[in-house]
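Visitor: Contents of input.txt (compact mmCIF, C-alpha atoms):
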```
# COMPACT_ATOMS: atom_id res chain seq x y z
CA MET A 29 3.58 -16.78 -18.01
CA LEU A 30 2.23 -17.67 -21.45
CA ILE A 31 -1.39 -17.08 -22.47
CA GLY A 32 -2.39 -20.73 -21.99
CA GLU A 33 -1.05 -20.84 -18.45
CA LEU A 34 -2.74 -17.55 -17.60
CA ILE A 35 -6.14 -18.70 -18.89
CA ARG A 36 -5.85 -21.94 -16.90
CA GLU A 37 -4.95 -20.16 -13.64
CA LEU A 38 -7.65 -17.53 -14.02
CA ARG A 39 -10.21 -20.26 -14.76
CA LYS A 40 -9.17 -22.18 -11.65
CA ALA A 41 -9.35 -19.01 -9.57
CA GLN A 42 -13.03 -18.80 -10.55
CA GLY A 43 -13.49 -22.46 -9.54
CA TRP A 44 -14.66 -23.32 -13.07
CA SER A 45 -14.16 -26.42 -15.20
CA GLN A 46 -13.03 -26.05 -18.80
CA GLY A 47 -16.61 -26.78 -19.84
CA ARG A 48 -17.92 -23.98 -17.63
CA LEU A 49 -15.44 -21.52 -19.13
CA ALA A 50 -16.54 -22.54 -22.62
CA ASP A 51 -20.19 -21.95 -21.62
CA GLU A 52 -19.39 -18.50 -20.17
CA VAL A 53 -17.50 -17.45 -23.31
CA ASN A 54 -20.37 -18.69 -25.49
CA LYS A 55 -22.86 -16.61 -23.48
CA VAL A 56 -20.80 -13.45 -23.98
CA CYS A 57 -20.03 -13.73 -27.67
CA GLY A 58 -22.72 -16.06 -29.04
CA SER A 59 -20.18 -18.65 -30.16
CA ASN A 60 -20.31 -22.44 -29.77
CA ILE A 61 -16.86 -23.42 -28.56
CA SER A 62 -16.38 -26.69 -26.68
CA ARG A 63 -14.44 -27.81 -23.62
CA GLU A 64 -11.81 -29.24 -26.00
CA TYR A 65 -11.35 -25.81 -27.54
CA VAL A 66 -10.62 -24.32 -24.10
CA SER A 67 -8.21 -27.20 -23.45
CA ASN A 68 -6.36 -26.30 -26.64
CA TRP A 69 -6.05 -22.71 -25.43
CA GLU A 70 -4.67 -23.78 -22.08
CA ARG A 71 -2.15 -26.17 -23.65
CA SER A 72 -1.09 -23.38 -26.05
CA LYS A 73 -2.07 -25.49 -29.04
CA VAL A 74 -4.36 -22.67 -30.17
CA THR A 75 -3.89 -18.97 -29.39
CA PRO A 76 -7.15 -17.06 -28.89
CA GLY A 77 -7.55 -14.20 -31.33
CA PRO A 78 -8.78 -10.67 -30.52
CA PHE A 79 -12.46 -11.76 -30.60
CA TYR A 80 -12.03 -14.44 -27.95
CA LEU A 81 -9.52 -12.40 -25.93
CA ARG A 82 -12.23 -9.78 -25.39
CA ALA A 83 -14.67 -12.48 -24.28
CA LEU A 84 -12.11 -14.01 -21.91
CA SER A 85 -11.38 -10.56 -20.49
CA ALA A 86 -15.07 -10.13 -19.67
CA VAL A 87 -15.76 -13.54 -18.13
CA LEU A 88 -12.47 -13.95 -16.23
CA ASP A 89 -12.49 -10.42 -14.77
CA VAL A 90 -9.06 -9.49 -16.11
CA PRO A 91 -8.05 -6.44 -18.19
CA LEU A 92 -7.84 -7.16 -21.91
CA ALA A 93 -4.34 -5.69 -22.00
CA VAL A 94 -3.10 -8.40 -19.61
CA LEU A 95 -4.26 -11.16 -21.96
CA GLU A 96 -2.87 -9.37 -25.00
CA ASP A 97 0.43 -8.94 -23.20
CA ALA A 98 0.61 -12.66 -22.40
CA VAL A 99 0.29 -13.30 -26.14
CA LYS A 100 2.98 -10.78 -27.04
CA ARG A 101 5.42 -11.65 -24.22
CA ARG A 102 7.37 -8.39 -24.28
CA THR A 103 10.90 -8.39 -22.92
CA PHE A 104 11.98 -6.82 -19.66
CA LEU A 105 13.94 -3.97 -21.23
CA THR A 106 11.09 -3.13 -23.58
CA ASP A 107 8.81 -2.77 -20.57
CA VAL A 108 11.13 -0.27 -18.93
CA ALA A 109 11.44 1.67 -22.18
CA GLY A 110 7.67 1.60 -22.55
CA ALA A 111 7.08 3.77 -19.50
CA ALA A 112 6.83 6.93 -21.66
CA ILE A 113 10.40 8.03 -20.87
CA ALA A 114 11.58 11.28 -22.43
CA PRO A 115 14.66 11.02 -24.72
CA ALA A 116 16.94 12.89 -22.28
CA VAL A 117 15.86 10.62 -19.44
CA ALA A 118 16.25 7.54 -21.64
CA SER A 119 19.84 8.59 -22.35
CA GLU A 120 20.52 8.86 -18.62
CA LEU A 121 18.98 5.43 -18.03
CA LEU A 122 21.11 3.84 -20.75
CA THR A 123 24.20 5.34 -19.14
CA LEU A 124 23.19 3.90 -15.78
CA GLY A 125 22.65 0.48 -17.31
CA PHE A 126 25.95 0.28 -19.15
CA SER A 127 27.85 1.72 -16.17
CA ALA A 128 26.37 -0.96 -13.95
CA ARG A 129 27.43 -3.66 -16.39
CA LEU A 130 30.94 -2.29 -16.82
CA GLN A 131 31.53 -1.64 -13.11
CA SER A 132 29.53 -4.56 -11.66
CA GLY A 133 27.10 -2.12 -9.96
CA PRO A 134 26.13 -2.05 -6.27
CA SER A 135 26.71 -5.11 -4.11
CA THR A 136 23.78 -7.28 -3.07
CA ASP A 137 23.98 -5.86 0.45
CA ALA A 138 23.88 -2.34 -0.99
CA TRP A 139 20.78 -3.27 -2.98
CA GLU A 140 19.10 -4.60 0.16
CA ALA A 141 19.83 -1.27 1.86
CA LYS A 142 18.29 0.57 -1.12
CA LEU A 143 15.17 -1.59 -0.85
CA ALA A 144 14.84 -0.77 2.84
CA THR A 145 15.04 2.95 2.02
CA TYR A 146 12.43 2.64 -0.72
CA GLY A 147 10.16 0.75 1.65
CA THR A 148 10.20 3.74 3.98
CA ASP A 149 10.02 6.39 1.24
CA TYR A 150 7.01 4.76 -0.40
CA MET A 151 4.91 5.37 2.70
CA SER A 152 5.12 9.14 2.37
CA MET A 153 6.27 10.02 -1.17
CA GLY A 154 4.07 10.49 -4.22
CA ALA A 155 3.79 7.79 -6.89
CA ALA A 156 5.40 9.90 -9.63
CA GLU A 157 8.62 10.48 -7.67
CA ILE A 158 8.90 6.83 -6.63
CA GLN A 159 8.28 5.74 -10.22
CA ARG A 160 11.00 8.03 -11.56
CA ARG A 161 13.57 6.78 -9.07
CA VAL A 162 12.73 3.09 -9.35
CA THR A 163 12.87 3.20 -13.16
CA GLY A 164 16.58 4.01 -12.94
CA GLU A 165 17.16 1.29 -10.34
CA LEU A 166 15.49 -1.31 -12.56
CA VAL A 167 17.71 -0.45 -15.51
CA THR A 168 20.75 -0.77 -13.23
CA VAL A 169 19.84 -4.05 -11.52
CA GLN A 170 18.88 -5.57 -14.86
CA GLN A 171 22.56 -5.54 -15.78
CA GLN A 172 23.50 -7.51 -12.66
CA LEU A 173 21.19 -10.50 -12.72
CA ASP A 174 23.99 -13.04 -12.44
CA GLU A 175 23.02 -14.53 -9.09
CA PRO A 176 19.75 -15.59 -7.44
CA ARG A 177 19.81 -12.96 -4.67
CA LEU A 178 19.77 -10.18 -7.24
CA TRP A 179 16.69 -11.72 -8.88
CA SER A 180 15.07 -11.40 -5.45
CA VAL A 181 16.07 -7.73 -5.31
CA ALA A 182 14.74 -7.15 -8.83
CA SER A 183 11.42 -8.83 -8.01
CA ARG A 184 10.83 -6.55 -5.04
CA LEU A 185 11.78 -3.44 -7.02
CA MET A 186 9.42 -4.52 -9.80
CA THR A 187 6.59 -4.94 -7.28
CA LEU A 188 7.20 -1.41 -6.01
CA TYR A 189 7.29 -0.12 -9.58
CA ALA A 190 3.97 -1.84 -10.35
CA LYS A 191 2.35 -0.06 -7.42
CA THR A 192 3.04 3.32 -9.01
CA PHE A 193 0.43 2.49 -11.65
CA PRO A 194 -3.29 2.11 -10.87
CA GLY A 195 -4.34 -1.54 -10.65
CA SER A 196 -7.15 -0.78 -13.10
CA ASP A 197 -4.48 -0.13 -15.75
CA GLY A 198 -3.80 -3.79 -16.46
CA ALA A 199 -1.39 -2.99 -19.27
CA LYS A 200 1.09 -1.75 -16.70
CA ALA A 201 0.39 -2.63 -13.07
CA VAL A 202 -0.76 -6.22 -13.53
CA HIS A 203 1.89 -6.93 -16.13
CA TRP A 204 4.62 -5.76 -13.76
CA TYR A 205 3.19 -7.78 -10.87
CA ARG A 206 3.32 -10.89 -13.01
CA MET A 207 6.87 -10.15 -14.12
CA ALA A 208 7.87 -9.58 -10.49
CA ALA A 209 6.49 -13.03 -9.63
CA GLU A 210 8.52 -14.60 -12.43
CA ALA A 211 11.66 -12.77 -11.26
CA ALA A 212 11.08 -13.99 -7.70
CA ASP A 213 10.81 -17.55 -9.03
CA ARG A 214 14.25 -17.10 -10.61
CA SER A 215 15.65 -16.28 -7.20
CA GLY A 216 14.66 -19.63 -5.71
CA ASP A 217 13.76 -17.75 -2.51
CA ASP A 218 10.33 -18.91 -1.35
CA GLN A 219 9.98 -15.97 1.02
CA ALA A 220 10.46 -13.53 -1.89
CA ARG A 221 8.12 -15.60 -4.08
CA VAL A 222 5.36 -15.41 -1.47
CA TRP A 223 5.96 -11.76 -0.59
CA VAL A 224 5.87 -10.48 -4.18
CA ARG A 225 2.64 -12.31 -4.94
CA GLY A 226 1.07 -11.37 -1.62
CA ARG A 227 1.97 -7.70 -1.97
CA ALA A 228 0.48 -7.63 -5.45
CA ALA A 229 -2.69 -9.34 -4.21
CA ILE A 230 -3.31 -6.88 -1.37
CA ALA A 231 -2.55 -3.92 -3.65
CA LEU A 232 -5.08 -5.07 -6.26
CA GLY A 233 -7.63 -6.22 -3.69
CA TYR A 234 -7.40 -2.98 -1.71
CA GLU A 235 -7.79 -0.96 -4.92
CA GLY A 236 -10.65 -3.17 -6.08
CA ALA A 237 -8.95 -3.75 -9.42
CA SER A 238 -8.22 -6.86 -11.53
CA LEU A 239 -9.74 -9.14 -8.90
CA GLY A 240 -9.19 -12.29 -10.95
CA VAL A 241 -5.46 -11.59 -11.07
CA ALA A 242 -5.45 -10.77 -7.34
CA ASP A 243 -6.99 -14.17 -6.63
CA VAL A 244 -4.51 -16.00 -8.85
CA LEU A 245 -1.49 -14.36 -7.24
CA ALA A 246 -2.88 -14.88 -3.73
CA ASP A 247 -3.57 -18.55 -4.44
CA GLN A 248 -0.05 -18.99 -5.81
CA ALA A 249 1.45 -17.40 -2.69
CA MET A 250 -0.61 -19.61 -0.40
CA ALA A 251 0.37 -22.72 -2.38
CA ILE A 252 4.10 -21.94 -2.25
CA SER A 253 4.23 -21.87 1.55
CA ASP A 254 1.81 -21.86 4.48
CA ARG A 255 4.51 -20.59 6.86
CA PRO A 256 3.24 -17.46 8.66
CA THR A 257 4.95 -14.53 6.91
CA LEU A 258 4.02 -11.01 5.88
CA GLY A 259 3.77 -12.22 2.29
CA LEU A 260 1.20 -14.83 3.28
CA LEU A 261 -0.68 -12.25 5.35
CA ASN A 262 -0.85 -9.88 2.38
CA ALA A 263 -2.06 -12.68 0.12
CA ILE A 264 -4.85 -13.68 2.52
CA MET A 265 -6.03 -10.11 3.03
CA GLY A 266 -5.87 -9.37 -0.70
CA LYS A 267 -8.08 -12.38 -1.36
CA ALA A 268 -10.43 -11.25 1.43
CA HIS A 269 -10.88 -7.83 -0.20
CA ALA A 270 -11.57 -9.45 -3.57
CA ALA A 271 -14.27 -11.61 -1.94
CA ALA A 272 -15.80 -8.58 -0.19
CA ILE A 273 -16.05 -6.61 -3.42
CA ARG A 274 -17.75 -9.57 -5.10
CA GLY A 275 -20.28 -9.70 -2.26
CA ASP A 276 -19.08 -13.01 -0.82
CA HIS A 277 -19.35 -11.98 2.85
CA ASP A 278 -18.74 -15.40 4.39
CA THR A 279 -15.52 -15.99 2.46
CA ALA A 280 -14.28 -12.46 3.17
CA LEU A 281 -14.86 -12.81 6.92
CA SER A 282 -13.32 -16.30 7.02
CA LEU A 283 -10.20 -15.03 5.26
CA ALA A 284 -10.05 -12.01 7.59
CA GLU A 285 -10.00 -14.37 10.59
CA GLU A 286 -7.26 -16.41 8.94
CA GLY A 287 -5.35 -13.17 8.33
CA ARG A 288 -5.63 -12.24 12.02
CA ARG A 289 -4.15 -15.62 12.99
CA VAL A 290 -1.23 -15.15 10.61
CA PHE A 291 -0.72 -11.58 11.85
CA ASP A 292 -0.46 -12.83 15.44
CA LYS A 293 2.61 -14.84 14.37
CA ALA A 294 4.13 -12.63 11.68
CA GLY A 295 3.12 -9.03 12.46
CA SER A 296 5.82 -6.35 12.34
CA TYR A 297 7.39 -4.11 14.95
CA GLU A 298 8.69 -1.83 12.18
CA GLN A 299 6.11 0.96 11.82
CA THR A 300 6.93 2.96 8.71
CA SER A 301 7.97 0.60 5.90
CA ASP A 302 5.99 -0.77 2.98
CA TYR A 303 7.71 -4.08 3.73
CA ALA A 304 6.09 -4.18 7.17
CA VAL A 305 2.59 -4.82 8.51
CA PRO A 306 2.40 -3.46 12.08
CA TRP A 307 -0.80 -3.45 14.15
CA TRP A 308 -2.02 -0.11 12.83
CA ARG A 309 -1.63 -1.21 9.18
CA MET A 310 -3.41 -4.50 9.78
CA ASN A 311 -6.30 -2.42 11.07
CA VAL A 312 -6.23 -0.24 7.96
CA PHE A 313 -6.72 -3.43 5.92
CA LEU A 314 -9.58 -4.47 8.21
CA SER A 315 -11.15 -1.01 8.25
CA LEU A 316 -11.70 -0.96 4.49
CA LEU A 317 -12.67 -4.63 4.36
CA LEU A 318 -15.36 -4.23 7.02
CA ALA A 319 -16.58 -0.96 5.48
CA ARG A 320 -17.02 -2.80 2.18
CA LEU A 321 -18.97 -5.52 3.99
CA GLY A 322 -21.25 -2.97 5.68
CA ASP A 323 -20.02 -3.89 9.18
CA GLU A 324 -20.05 -0.37 10.63
CA LYS A 325 -19.27 -1.40 14.21
CA GLY A 326 -16.29 -3.54 13.18
CA ALA A 327 -15.00 -0.93 10.75
CA VAL A 328 -15.13 1.87 13.35
CA GLU A 329 -13.31 -0.32 15.88
CA ALA A 330 -10.56 -1.06 13.33
CA GLN A 331 -10.30 2.64 12.47
CA GLU A 332 -9.92 3.58 16.13
CA GLN A 333 -7.29 0.88 16.68
CA ALA A 334 -5.33 2.08 13.65
CA ALA A 335 -5.56 5.75 14.63
CA ARG A 336 -4.14 5.07 18.11
CA GLU A 337 -0.82 3.81 16.75
CA LEU A 338 -0.57 5.42 13.33
CA PRO A 339 2.71 7.41 13.14
CA ALA A 340 2.16 11.14 12.75
CA THR A 341 4.68 11.09 9.89
CA LEU A 342 2.22 9.13 7.71
CA PRO A 343 -0.74 11.48 7.09
CA ARG A 344 -1.71 9.61 3.92
CA PHE A 345 -2.90 6.65 5.97
CA ALA A 346 -4.96 8.90 8.23
CA THR A 347 -6.63 10.02 5.01
CA HIS A 348 -7.31 6.38 4.15
CA LEU A 349 -9.16 5.93 7.44
CA GLU A 350 -11.30 9.04 6.92
CA MET A 351 -12.17 7.89 3.42
CA HIS A 352 -13.21 4.52 4.82
CA ARG A 353 -15.68 6.46 6.98
CA GLY A 354 -16.96 8.08 3.81
CA LEU A 355 -17.48 4.65 2.27
CA MET A 356 -19.43 3.56 5.36
CA LEU A 357 -21.72 6.58 5.01
CA ALA A 358 -22.31 5.78 1.36
CA ARG A 359 -23.01 2.12 2.12
CA ALA A 360 -25.43 3.16 4.88
CA GLY A 361 -27.59 4.96 2.35
CA ASP A 362 -26.19 8.50 2.20
CA PRO A 363 -23.90 8.47 -0.83
CA ARG A 364 -23.76 12.27 -1.09
CA ALA A 365 -22.55 12.70 2.50
CA GLY A 366 -20.13 9.80 2.10
CA ALA A 367 -18.58 11.26 -1.02
CA ALA A 368 -18.37 14.73 0.57
CA HIS A 369 -16.64 13.34 3.68
CA ALA A 370 -14.13 11.39 1.59
CA ARG A 371 -13.48 14.32 -0.76
CA ALA A 372 -12.85 16.68 2.17
CA ALA A 373 -10.34 14.21 3.64
CA LEU A 374 -8.56 13.82 0.30
CA ASP A 375 -8.47 17.57 -0.34
CA ALA A 376 -6.95 18.14 3.12
CA LEU A 377 -3.96 16.01 2.15
CA PRO A 378 -1.29 17.91 0.16
CA PRO A 379 -1.49 16.86 -3.52
CA GLU A 380 2.12 15.67 -3.56
CA LYS A 381 1.17 13.12 -0.88
CA HIS A 382 -1.70 11.64 -2.91
CA SER A 383 -1.44 8.05 -4.05
CA LEU A 384 -3.11 6.26 -6.92
CA THR A 385 -4.81 4.02 -4.37
CA LEU A 386 -6.51 7.01 -2.74
CA ARG A 387 -7.80 8.19 -6.11
CA LEU A 388 -9.23 4.76 -6.86
CA LEU A 389 -10.83 4.65 -3.41
CA MET A 390 -12.45 8.02 -4.09
CA GLY A 391 -13.94 6.60 -7.27
CA GLU A 392 -15.31 3.59 -5.40
CA ILE A 393 -16.99 5.82 -2.83
CA GLU A 394 -18.52 8.09 -5.49
CA ASN A 395 -19.93 5.04 -7.26
CA ALA A 396 -21.20 3.30 -4.11
```
Reformat the file's structure so that it appears as structure tokens.
Guide:
Amino acid sequence: MLIGELIRELRKAQGWSQGRLADEVNKVCGSNISREYVSNWERSKVTPGPFYLRALSAVLDVPLAVLEDAVKRRTFLTDVAGAAIAPAVASELLTLGFSARLQSGPSTDAWEAKLATYGTDYMSMGAAEIQRRVTGELVTVQQQLDEPRLWSVASRLMTLYAKTFPGSDGAKAVHWYRMAAEAADRSGDDQARVWVRGRAAIALGYEGASLGVADVLADQAMAISDRPTLGLLNAIMGKAHAAAIRGDHDTALSLAEEGRRVFDKAGSYEQTSDYAVPWWRMNVFLSLLLARLGDEKGAVEAQEQAARELPATLPRFATHLEMHRGLMLARAGDPRAGAAHARAALDALPPEKHSLTLRLLMGEIENA
């Protein structure tokens, strides 16, 4: 997505006209740009310079690095190489890539099996280990993008890779989510297109990061298809969390009800995969959402529902629920007790099981 397209979609996500965006930018930086100037940005007739990129970052609630990246339009391989890979590891990755090209690499069915394994591993492994493994897979699959189904595989791997970075680090996480959406579009598979965008939206909304981007991706998913799927469910719940963080209670609750209706038709029986949303995980989404809204009764009910069915093999999610209780305490007026409760829950989880999402949640509770 080029910078003009990104500005237009972020503006629409705010519900603003071009004139309103011009006014907001003028307020931030003391300039006097017009609606026509914004139109020129969106049609890519004029590229905003560093001064206006900073203003757009502030008013559109998007990391500056995301806007800068849309201007630069880095290539896929450069992004993989930009993950601070040591020379010895880079050599191994290059070998993997060329071997895949020379030998045709794994079959599409084999890739689907790999994705299923990663979906399960993500639920219990640390972000660093997942990131290391998926980096190699991305270099390999990049050499095989000769058919639409493999673009679908790549898009889902890229989404998983994005989740190993904190959503607040827009230079990495958000950029990879956007690239994953573009890869899914190459596949022509609407289910993949919706899932990738929805998964990104719930990840960002749950983390409370880059809410403008979360809204854009959720809106795109909902526009692609209204068929009840897990991708649509993720998109709706991601948008609900973004609304809750902004203080828009009515919208958040309305979206939560819509999410419940979609879940009733699309919820999963699979219990331990990142590609699934079973009953317990839906209640984890609701637990944090309702805690953010200050609905203590609803949040506790969701926590109890989740705890009843949460697999014992997934202690990280039990930690999520305890930290939601800490957020409720903080919201109820006892921030010190809330932070202490959340910190004790996080410290009880082995460090290798920690996720970036838990760390961001800890920060939210400490700042409540």
Visitor: A:Asp217, A:Glu52, A:Asp302, A:Glu96: which is nearest A:Leu188, counting only C-alpha atoms?
Guide: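 Answer, going by the shortest atom-to-atom distance: A:Asp302.
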Visitor: Leaving out A:Asn68 and any residue of its chain fewer than 2 positions from it, which residues lie within 12 Å of it when counting all atoms listed in the file, given as a list in words?
Guide: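 Contacts, with the query itself left out: Ile31, Gly32, Glu33, Ile35, Arg36, Gln46, Ala50, Ile61, Ser62, Arg63, Glu64, Tyr65, Val66, Glu70, Arg71, Ser72, Lys73, Val74, Thr75 and Pro76 of chain A.
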Visitor: For stretch 159-249 of chain A against stretch 317-330 of chain A, with a cut-off of 12 Å and counting all atoms listed in the file, what is the closest atom pair and its distance in Å to one decimal for every residue that makes the cut, ordered by chain and number, as a tab-separated table?
Guide:
```
residue	atom	partner	partner_atom	distance
A:Ile230	CA	A:Leu317	CA	11.2
A:Gly233	CA	A:Leu317	CA	9.6
A:Tyr234	CA	A:Leu317	CA	8.2
A:Glu235	CA	A:Leu317	CA	11.1
A:Gly236	CA	A:Arg320	CA	10.4
```
Visitor: Which residues come within 12 Å of A:Lys381, counting all atoms listed in the file, excluding same-chain residues fewer than 4 positions away, as a ChimeraX atom specification?
Guide: /A:149-158,341-348,374-377,385-387
Visitor: Atom CA of A:Arg214 to atom CA of A:Gln248: how many Å, to one decimal?
Guide: 15.2 Å
Visitor: Which distance in Å separates atom CA of A:Ala141 and atom CA of A:Gln170, to one decimal?
Guide: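 Between atom CA of A:Ala141 and atom CA of A:Gln170 the gap works out to 17.3 Å.
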Visitor: Excluding A:Lys142 and residues on its chain fewer than 4 positions from it, collect all residues at most 10 Å away from it, counting all atoms listed in the file, and give them as number ranges by chain.
Guide: A: 134, 136-138, 146-147, 165, 181, 185
Visitor: Just how far from atom CA of A:Ala237 is atom CA of A:Trp308, in Å to one decimal?
Guide: 23.6 Å
Visitor: In the coordinate frame of the file, compute which residues have an atom within 9 Å of (7.9, -11.7, 12.0) when using all atoms listed in the file, and state them as a ChimeraX atom specification.
Guide: /A:256-258,291,293-297
